[in-house]
Amino acid sequence: MRNRNVVSLLMLVLGMLCVLMLAHAQNAPEASEKGKEVYENSCAHCHGVEGRGDGSAAENLLPKPRDFTRGLYKIRSTESGQLPTDQDLFDIITEGMPGSSMPPWDTALSADDRWEVVAYIKTFYDGFKESETPPRAISLEDKIPYAEESVEIGKGLYVDLGCVECHGNVGRGDGTSAPTLTDEWGFQTWPANLAQGWNYRGGADTEDIFKRFIGGIAGSPMPAFEGDSFLHFGLTAEESKRLSELENKDEMTEAEEEESGKFYEKMDAAVDIALNRAEGMELSAAEQQTYDNAMKVVYEKSWHLANYVKSLTPEKRPESAIGNNVLRSQYVQGALPPMDDAAWETLQSGYFPVVGQVVIEPRQFNPTIDSVNVKSFYNDTEVAFLFTWDDRTQTIGDETDETTGKTLEDALAIQFPVKVPQGPTAPKPYFLWGGRLPVYLWHWKASAPEQVTELTAKGINNAEAQEAQGELQTQSIYKDGQYKLWVKRALKTDDKKDLQLEPGVFVPIAFSAWDGANGDVDTKRVMSSWYAFVLEPVPSSKRFIYPPLIAILSVGFLFGLRAFVQRRNSEEV
Amino acid sequence: MKRLSLFTICLIILVGSWVFLRFVVGGVISVPIPSSVIGMYMGLIIIAILVHISVEDSRFREFLRPVHETLIDDKRRIRRRVIAVLIPIFLLGYTYSIIAQRANPPGSPRDAHPSPPLELTYKDAVIGTMQDVVNPFRHYEKDDPEAFKAHVENGRRVYHQNCFPCHGDHLDGQGHFAPYLQPLPANFQDPGIIPNFQESFFFWRIAKGGPGLPAAGTPWDSAMPIWEDYLTKDEIWDVILFLSDYTGYQPRTFGEAH
């Protein structure tokens, strides 16, 4: 009898869970068609019907969709100058190219369809048919694991090999040559911001990074560091170190001249062998040995370099502040810290991704700014913000846009509503600089770095500087591809057009940013939706009173319950 | 082997259901379920259990027996003491975590598909009533497949020059800008969208964009542009043909049940 009951109870609960489960299961991926069909349905609008990278969407895009007719592929597991393997193509189609418009197709296309389309895009370039031997793969065998010493060695190589010239001192893509680069097809291209691993086209594992500079990024100005172009190719690590020492001397003795001469000869010989090999000549056993030794050093150094690059980027893209994450301003007693105060280091920054403004013409389809990071402190009378954002170039209003003739400069705008909406259903101003309801903005421009202008706007093209400019204090700095902007304001002002701040009240906040070197001006910019900002109230002291009280009460309750049961028991007996 | 007591079984069912909802359904199978929804399901399960044990007096007593024993039986002394310590500690931690919890911003409830106006307009010119207007090119699907294909192709072009950064190449709402917009761009592969509305509804949404929504749709948050500013009437009708052609879903036609 009891068993049956238990079974029926279990059935009841299981039945309910099944219903709930069905309600939550996701759609199964739907089937689609093959090869050419898949290509024409999913890829041709970008890559073009004939694979020339000239689909109808291509006009607006940078980097441009790949032109498949040249056989140049960026993301390969194969040596410099080689074609990619089928697996490489399959993987890049599956995972997409982050930081560009090339989407991942892992969910939209079945694995079969992706293999079919790999076969199809290969038909655009005859080289795939003509090559008899399979492409030479980059060996990952002697991987040097990630460690502090390795990172240190890599850091030195990063400078010696000239990565700095493109990627900048700390890797934010702000090197001196950064604004001048064009790719094989003549389009402008930017060196990767190595501090943002989530935007690497080919992934940010050390193996991925290693493959990128050993194999090169075909079509891009980033050189392949395989073989003969490598620093001191053909020398052992010690010889290379010695040669650097010699080269750094102001004057060499005769013996030293001779010593360095030997090194150069050795390097020349090794480079010759490498060139012969690249042309497909047979190498003698001795030559092969020389080549292998030289490559061993190259590979070793490249692992150190990969470990260094890895150390520049966080493991994952920071969590976006969209959803429950909000910008929380921390209370401090006394004066608020100035821009370079160490107190800022104690705060975690809110990460606010921005996207190209594609709502209103002129639009920005190819943003170069990834996000704005924000920290904030407040005290009884004032609030201070520290905004940081990466921008590869400092443009301070001395350049003009070729087509519009407008002055280009870097800028940031922070947007609040003029009045905080009361309650969750109350209307907010339109997220793009207001509309019927106005917004209150702080507008900072690189040409006047010590000044923030207060604006009131009722639309993206309808902003005015406030007549009464309040007392905003501002500091800013541009260093190594990153802007820092510090702004301080009173919590309350006399101006009715200003936002008034109060602890504990959630205020909508949004951002716009302009990268002058990317042609950003007026509506062409990056922007965010509304996020939330709050002056985090000082935690209430109730948290030390109620919990112990409840714990004590619960002990009392347990004792009372026991006494009650005991009494009833004795009464029953 | 000792039989499990009814109390233990109920406890196992409760804990098991929670783990199942929280980690199996809301993890392995699908996206996490909001805690309020889990709370609701758990409430239902508790009610089911209560109903079950209170149907018969004897069953109720059997259910309470272990509780009873733990409270007064001398053989259960150790268990009693452990519980007398654990419960207050748990409550202490729990209330502390509730009081010290940081406030979260008020969520903004949003009706993703509020009712459209009665009249469909394009740049202030009235096209007709929302109920009656049909896509002027839809009839080619039967009458002239070649012309229909040309319109779909034009819609494809319009889509890929304007819509894909948000709505995605695959029309699944996963364009490369999408994750950073709130609300998220619509997912046209979701069977709950295209089949549920007439083409005039989509014309209205595309022509007037986010700002054209009534207050229930939080027009101030939506990044959906006002396309009548940039696209011709025909281009809007064409892109609607493309949306339904690519996804394979037919928009609702007038007269069908909702």
# chains A, B, ... in the order shown; residues from 1 in each chain; ligands from 1
>>> closest_atom_pairs(of="chain A", to="chain B", cutoff="7 Å", atoms="only C-alpha atoms", output="tab-separated table")
residue	atom	partner	partner_atom	distance
A:Val13	CA	B:Ile45	CA	6.7
A:Met21	CA	B:Val25	CA	6.1
A:His24	CA	B:Ser30	CA	6.3
A:Ala25	CA	B:Ser30	CA	5.8
A:Gln26	CA	B:Ser30	CA	6.4
A:His45	CA	B:His160	CA	6.8
A:Ser56	CA	B:Arg157	CA	6.0
A:Ala57	CA	B:Gln161	CA	4.9
A:Ser101	CA	B:His176	CA	6.4
A:Ala108	CA	B:His170	CA	6.5
A:Asn324	CA	B:Asn104	CA	6.7
A:Pro353	CA	B:Tyr180	CA	6.4
A:Val354	CA	B:Tyr180	CA	6.9
A:Val355	CA	B:Phe177	CA	5.7
A:Val359	CA	B:Pro225	CA	4.8
A:Pro424	CA	B:Ser108	CA	5.0
A:Thr425	CA	B:Ser108	CA	6.2
A:Lys428	CA	B:Trp220	CA	5.9
A:Pro429	CA	B:Trp220	CA	5.7
A:Tyr430	CA	B:Trp220	CA	3.9
A:Phe431	CA	B:Trp220	CA	5.7
A:Phe506	CA	B:Pro105	CA	5.9
A:Ser529	CA	B:Leu181	CA	5.8
A:Trp530	CA	B:Asp221	CA	6.9
A:Ala532	CA	B:Pro105	CA	6.8
A:Pro539	CA	B:Ala100	CA	6.8
A:Arg543	CA	B:Ile99	CA	5.7
A:Pro547	CA	B:Leu92	CA	4.8
A:Pro548	CA	B:Leu92	CA	5.9
A:Ile550	CA	B:Leu92	CA	6.8
A:Ala551	CA	B:Pro88	CA	4.5
A:Ser554	CA	B:Pro88	CA	5.9
A:Val555	CA	B:Pro88	CA	6.4
A:Arg562	CA	B:Leu71	CA	5.5
A:Gln566	CA	B:Ile72	CA	6.5
>>> residues_around(residues="region 368-379 of chain A", least_positions_apart="4", cutoff="6 Å", atoms="only C-alpha atoms", output="list in words")
Ser329, Gln330, Tyr331, Val332, Gln333, Ser349, Gly350, Tyr351, Phe352, Pro353, Val354, Val383, Ala384, Phe385, Leu386, Phe387, Thr388 and Trp389 of chain A
>>> select_by_dssp(residues="region 481-547 of chain A", states="helix (DSSP H, G or I)", output="ChimeraX atom specification")
/A:516-518,541-544,546-547
>>> closest_residue(among="A:Lys479, A:Arg363, A:Arg201, A:Lys524", to="Met102 (chain A)", atoms="only C-alpha atoms")
A:Arg201
>>> residues_around(residues="region 299-310 of chain A", least_positions_apart="3", cutoff="7 Å", atoms="only C-alpha atoms", output="JSON, numbers by chain")
{"A": [143, 144, 146, 150, 151, 153, 154, 155, 157, 158, 194, 206, 209, 210, 295, 296, 313]}
>>> closest_residue(among="B:Asn196, B:Thr232, B:Ser5, B:Thr253", to="Asn154 (chain B)", atoms="only C-alpha atoms")
B:Thr232
>>> atom_distance(atom1="CA of Ile127 (chain B)", atom2="CA of Ala207 (chain B)")
12.1 Å
>>> closest_residue(among="B:Ile194, B:Met130, B:Val28, B:Ala150", to="Arg252 (chain B)", atoms="only C-alpha atoms")
B:Ile194
>>> select_by_dssp(residues="region 8-224 of chain B", states="strand (DSSP E or B)", output="number ranges by chain")
B: 119-122, 125-129
>>> residues_around(residues="Thr400 (chain A)", least_positions_apart="6", cutoff="10 Å", atoms="only C-alpha atoms", output="mmCIF file with N, CA, C and O atoms, in the first residue's frame")
data_model
loop_
_atom_site.group_PDB
_atom_site.id
_atom_site.type_symbol
_atom_site.label_atom_id
_atom_site.label_comp_id
_atom_site.auth_asym_id
_atom_site.auth_seq_id
_atom_site.Cartn_x
_atom_site.Cartn_y
_atom_site.Cartn_z
ATOM 1 N N LYS A 406 34.707 67.650 -42.850
ATOM 2 C CA LYS A 406 34.528 67.924 -41.416
ATOM 3 C C LYS A 406 35.803 67.617 -40.645
ATOM 4 O O LYS A 406 36.583 66.747 -41.030
ATOM 5 N N THR A 407 35.983 68.321 -39.532
ATOM 6 C CA THR A 407 37.144 68.100 -38.694
ATOM 7 C C THR A 407 37.012 66.795 -37.935
ATOM 8 O O THR A 407 35.981 66.515 -37.342
ATOM 9 N N LEU A 408 38.072 65.990 -37.988
ATOM 10 C CA LEU A 408 38.039 64.705 -37.298
ATOM 11 C C LEU A 408 38.778 64.804 -35.975
ATOM 12 O O LEU A 408 39.872 65.346 -35.916
ATOM 13 N N GLU A 409 38.171 64.270 -34.937
ATOM 14 C CA GLU A 409 38.892 64.182 -33.668
ATOM 15 C C GLU A 409 38.277 63.117 -32.785
ATOM 16 O O GLU A 409 37.131 62.726 -32.963
ATOM 17 N N GLY A 516 38.565 59.526 -34.388
ATOM 18 C CA GLY A 516 38.768 60.400 -35.536
ATOM 19 C C GLY A 516 39.453 59.696 -36.691
ATOM 20 O O GLY A 516 39.063 59.844 -37.848
ATOM 21 N N ALA A 517 40.458 58.882 -36.386
ATOM 22 C CA ALA A 517 41.224 58.231 -37.441
ATOM 23 C C ALA A 517 40.391 57.210 -38.205
ATOM 24 O O ALA A 517 40.756 56.775 -39.289
ATOM 25 N N GLY A 519 37.397 57.930 -39.154
ATOM 26 C CA GLY A 519 36.380 58.702 -39.881
ATOM 27 C C GLY A 519 35.155 59.012 -39.042
ATOM 28 O O GLY A 519 34.143 59.471 -39.571
ATOM 29 N N VAL A 521 32.631 61.006 -37.078
ATOM 30 C CA VAL A 521 32.273 62.405 -36.858
ATOM 31 C C VAL A 521 30.744 62.476 -36.845
ATOM 32 O O VAL A 521 30.070 61.726 -37.551
#
>>> residues_around(residues="Phe197 (chain B)", least_positions_apart="3", cutoff="10 Å", atoms="only C-alpha atoms", output="number ranges by chain")
B: 113, 192-194, 200-202, 250-254, 258
>>> residues_around(residues="Pro417 (chain A)", least_positions_apart="4", cutoff="7 Å", atoms="only C-alpha atoms", output="PDB file with N, CA and C atoms, in the first residue's frame")
ATOM      1  N   PRO A 429      14.289  58.800 -21.999  1.00  0.00           N
ATOM      2  CA  PRO A 429      14.575  59.458 -23.283  1.00  0.00           C
ATOM      3  C   PRO A 429      15.081  58.409 -24.281  1.00  0.00           C
ATOM      4  N   PRO A 438      14.375  64.965 -23.130  1.00  0.00           N
ATOM      5  CA  PRO A 438      15.761  65.369 -23.369  1.00  0.00           C
ATOM      6  C   PRO A 438      16.779  64.544 -22.574  1.00  0.00           C
ATOM      7  N   VAL A 439      18.009  64.559 -23.044  1.00  0.00           N
ATOM      8  CA  VAL A 439      19.105  63.952 -22.287  1.00  0.00           C
ATOM      9  C   VAL A 439      20.124  65.017 -21.906  1.00  0.00           C
ATOM     10  N   TYR A 440      20.882  64.668 -20.888  1.00  0.00           N
ATOM     11  CA  TYR A 440      21.928  65.557 -20.361  1.00  0.00           C
ATOM     12  C   TYR A 440      23.261  64.880 -20.630  1.00  0.00           C
ATOM     13  N   LEU A 499      21.319  66.774 -14.493  1.00  0.00           N
ATOM     14  CA  LEU A 499      20.845  65.620 -13.731  1.00  0.00           C
ATOM     15  C   LEU A 499      21.226  65.825 -12.268  1.00  0.00           C
ATOM     16  N   PRO A 508      19.732  55.783 -15.677  1.00  0.00           N
ATOM     17  CA  PRO A 508      20.192  55.273 -16.966  1.00  0.00           C
ATOM     18  C   PRO A 508      21.461  56.024 -17.413  1.00  0.00           C
TER      19      PRO A 508
END
>>> atom_distance(atom1="CA of Pro145 (chain B)", atom2="CA of His47 (chain A)")
26.3 Å
>>> residues_around(residues="region 110-125 of chain A", least_positions_apart="6", cutoff="8 Å", atoms="only C-alpha atoms", output="compact mmCIF listing (two decimals) with N, CA, C and O atoms, in the first residue's frame")
# COMPACT_ATOMS: atom_id res chain seq x y z
N PRO A 29 18.41 22.13 -34.55
CA PRO A 29 18.84 22.86 -35.73
C PRO A 29 18.14 22.31 -36.97
O PRO A 29 17.97 21.09 -37.09
N ALA A 31 17.56 21.49 -41.02
CA ALA A 31 18.44 21.02 -42.08
C ALA A 31 18.53 22.08 -43.18
O ALA A 31 17.64 22.89 -43.35
N SER A 32 19.65 22.13 -43.90
CA SER A 32 19.70 23.04 -45.05
C SER A 32 20.33 22.30 -46.23
O SER A 32 20.65 21.13 -46.16
N GLU A 33 20.56 23.02 -47.38
CA GLU A 33 20.98 22.34 -48.60
C GLU A 33 22.48 22.25 -48.74
O GLU A 33 23.21 22.54 -47.81
N LYS A 34 23.00 21.87 -49.91
CA LYS A 34 24.43 21.54 -50.04
C LYS A 34 25.26 22.53 -50.88
O LYS A 34 24.72 23.36 -51.61
N GLY A 35 26.63 22.40 -50.69
CA GLY A 35 27.63 23.08 -51.50
C GLY A 35 27.35 24.47 -52.03
O GLY A 35 27.29 25.42 -51.28
N LYS A 36 27.21 24.54 -53.33
CA LYS A 36 26.91 25.78 -54.02
C LYS A 36 25.68 26.46 -53.42
O LYS A 36 25.67 27.67 -53.21
N VAL A 38 24.43 26.14 -50.40
CA VAL A 38 24.75 26.69 -49.09
C VAL A 38 25.50 28.00 -49.29
O VAL A 38 25.19 29.01 -48.67
N TYR A 39 26.48 27.99 -50.20
CA TYR A 39 27.28 29.17 -50.43
C TYR A 39 26.40 30.32 -50.90
O TYR A 39 26.48 31.43 -50.37
N GLU A 50 30.84 34.98 -57.32
CA GLU A 50 32.03 34.37 -57.91
C GLU A 50 33.22 34.34 -56.96
O GLU A 50 34.37 34.19 -57.37
N GLY A 51 32.96 34.58 -55.69
CA GLY A 51 34.02 34.45 -54.69
C GLY A 51 35.02 35.59 -54.66
O GLY A 51 36.09 35.47 -54.08
N PHE A 68 38.12 34.98 -52.48
CA PHE A 68 38.61 33.61 -52.51
C PHE A 68 39.43 33.28 -53.75
O PHE A 68 39.99 32.20 -53.86
N THR A 69 39.48 34.22 -54.72
CA THR A 69 40.14 33.88 -55.98
C THR A 69 41.66 34.02 -55.90
O THR A 69 42.36 33.69 -56.85
N ARG A 70 42.18 34.54 -54.79
CA ARG A 70 43.63 34.72 -54.70
C ARG A 70 44.29 33.64 -53.84
O ARG A 70 45.52 33.61 -53.73
N GLY A 71 43.49 32.84 -53.16
CA GLY A 71 44.07 31.77 -52.34
C GLY A 71 44.82 32.27 -51.13
O GLY A 71 45.68 31.57 -50.59
N ASP A 86 42.00 21.76 -45.36
CA ASP A 86 40.53 21.76 -45.32
C ASP A 86 40.03 21.98 -43.90
O ASP A 86 39.05 22.68 -43.66
N LEU A 89 39.96 25.62 -42.99
CA LEU A 89 38.80 26.31 -43.56
C LEU A 89 37.54 25.95 -42.79
O LEU A 89 36.74 26.81 -42.43
N PHE A 90 37.40 24.66 -42.50
CA PHE A 90 36.23 24.21 -41.75
C PHE A 90 36.17 24.91 -40.40
O PHE A 90 35.12 25.41 -39.98
N ILE A 93 35.23 28.65 -40.65
CA ILE A 93 33.80 28.81 -40.97
C ILE A 93 32.96 28.50 -39.74
O ILE A 93 31.98 29.18 -39.44
N THR A 94 33.38 27.49 -39.01
CA THR A 94 32.64 27.12 -37.80
C THR A 94 32.71 28.22 -36.76
O THR A 94 31.71 28.59 -36.15
>>> closest_residue(among="A:Ala457, A:Ala463, A:Gly197, A:Asn169", to="Gly156 (chain A)", atoms="only C-alpha atoms")
A:Asn169
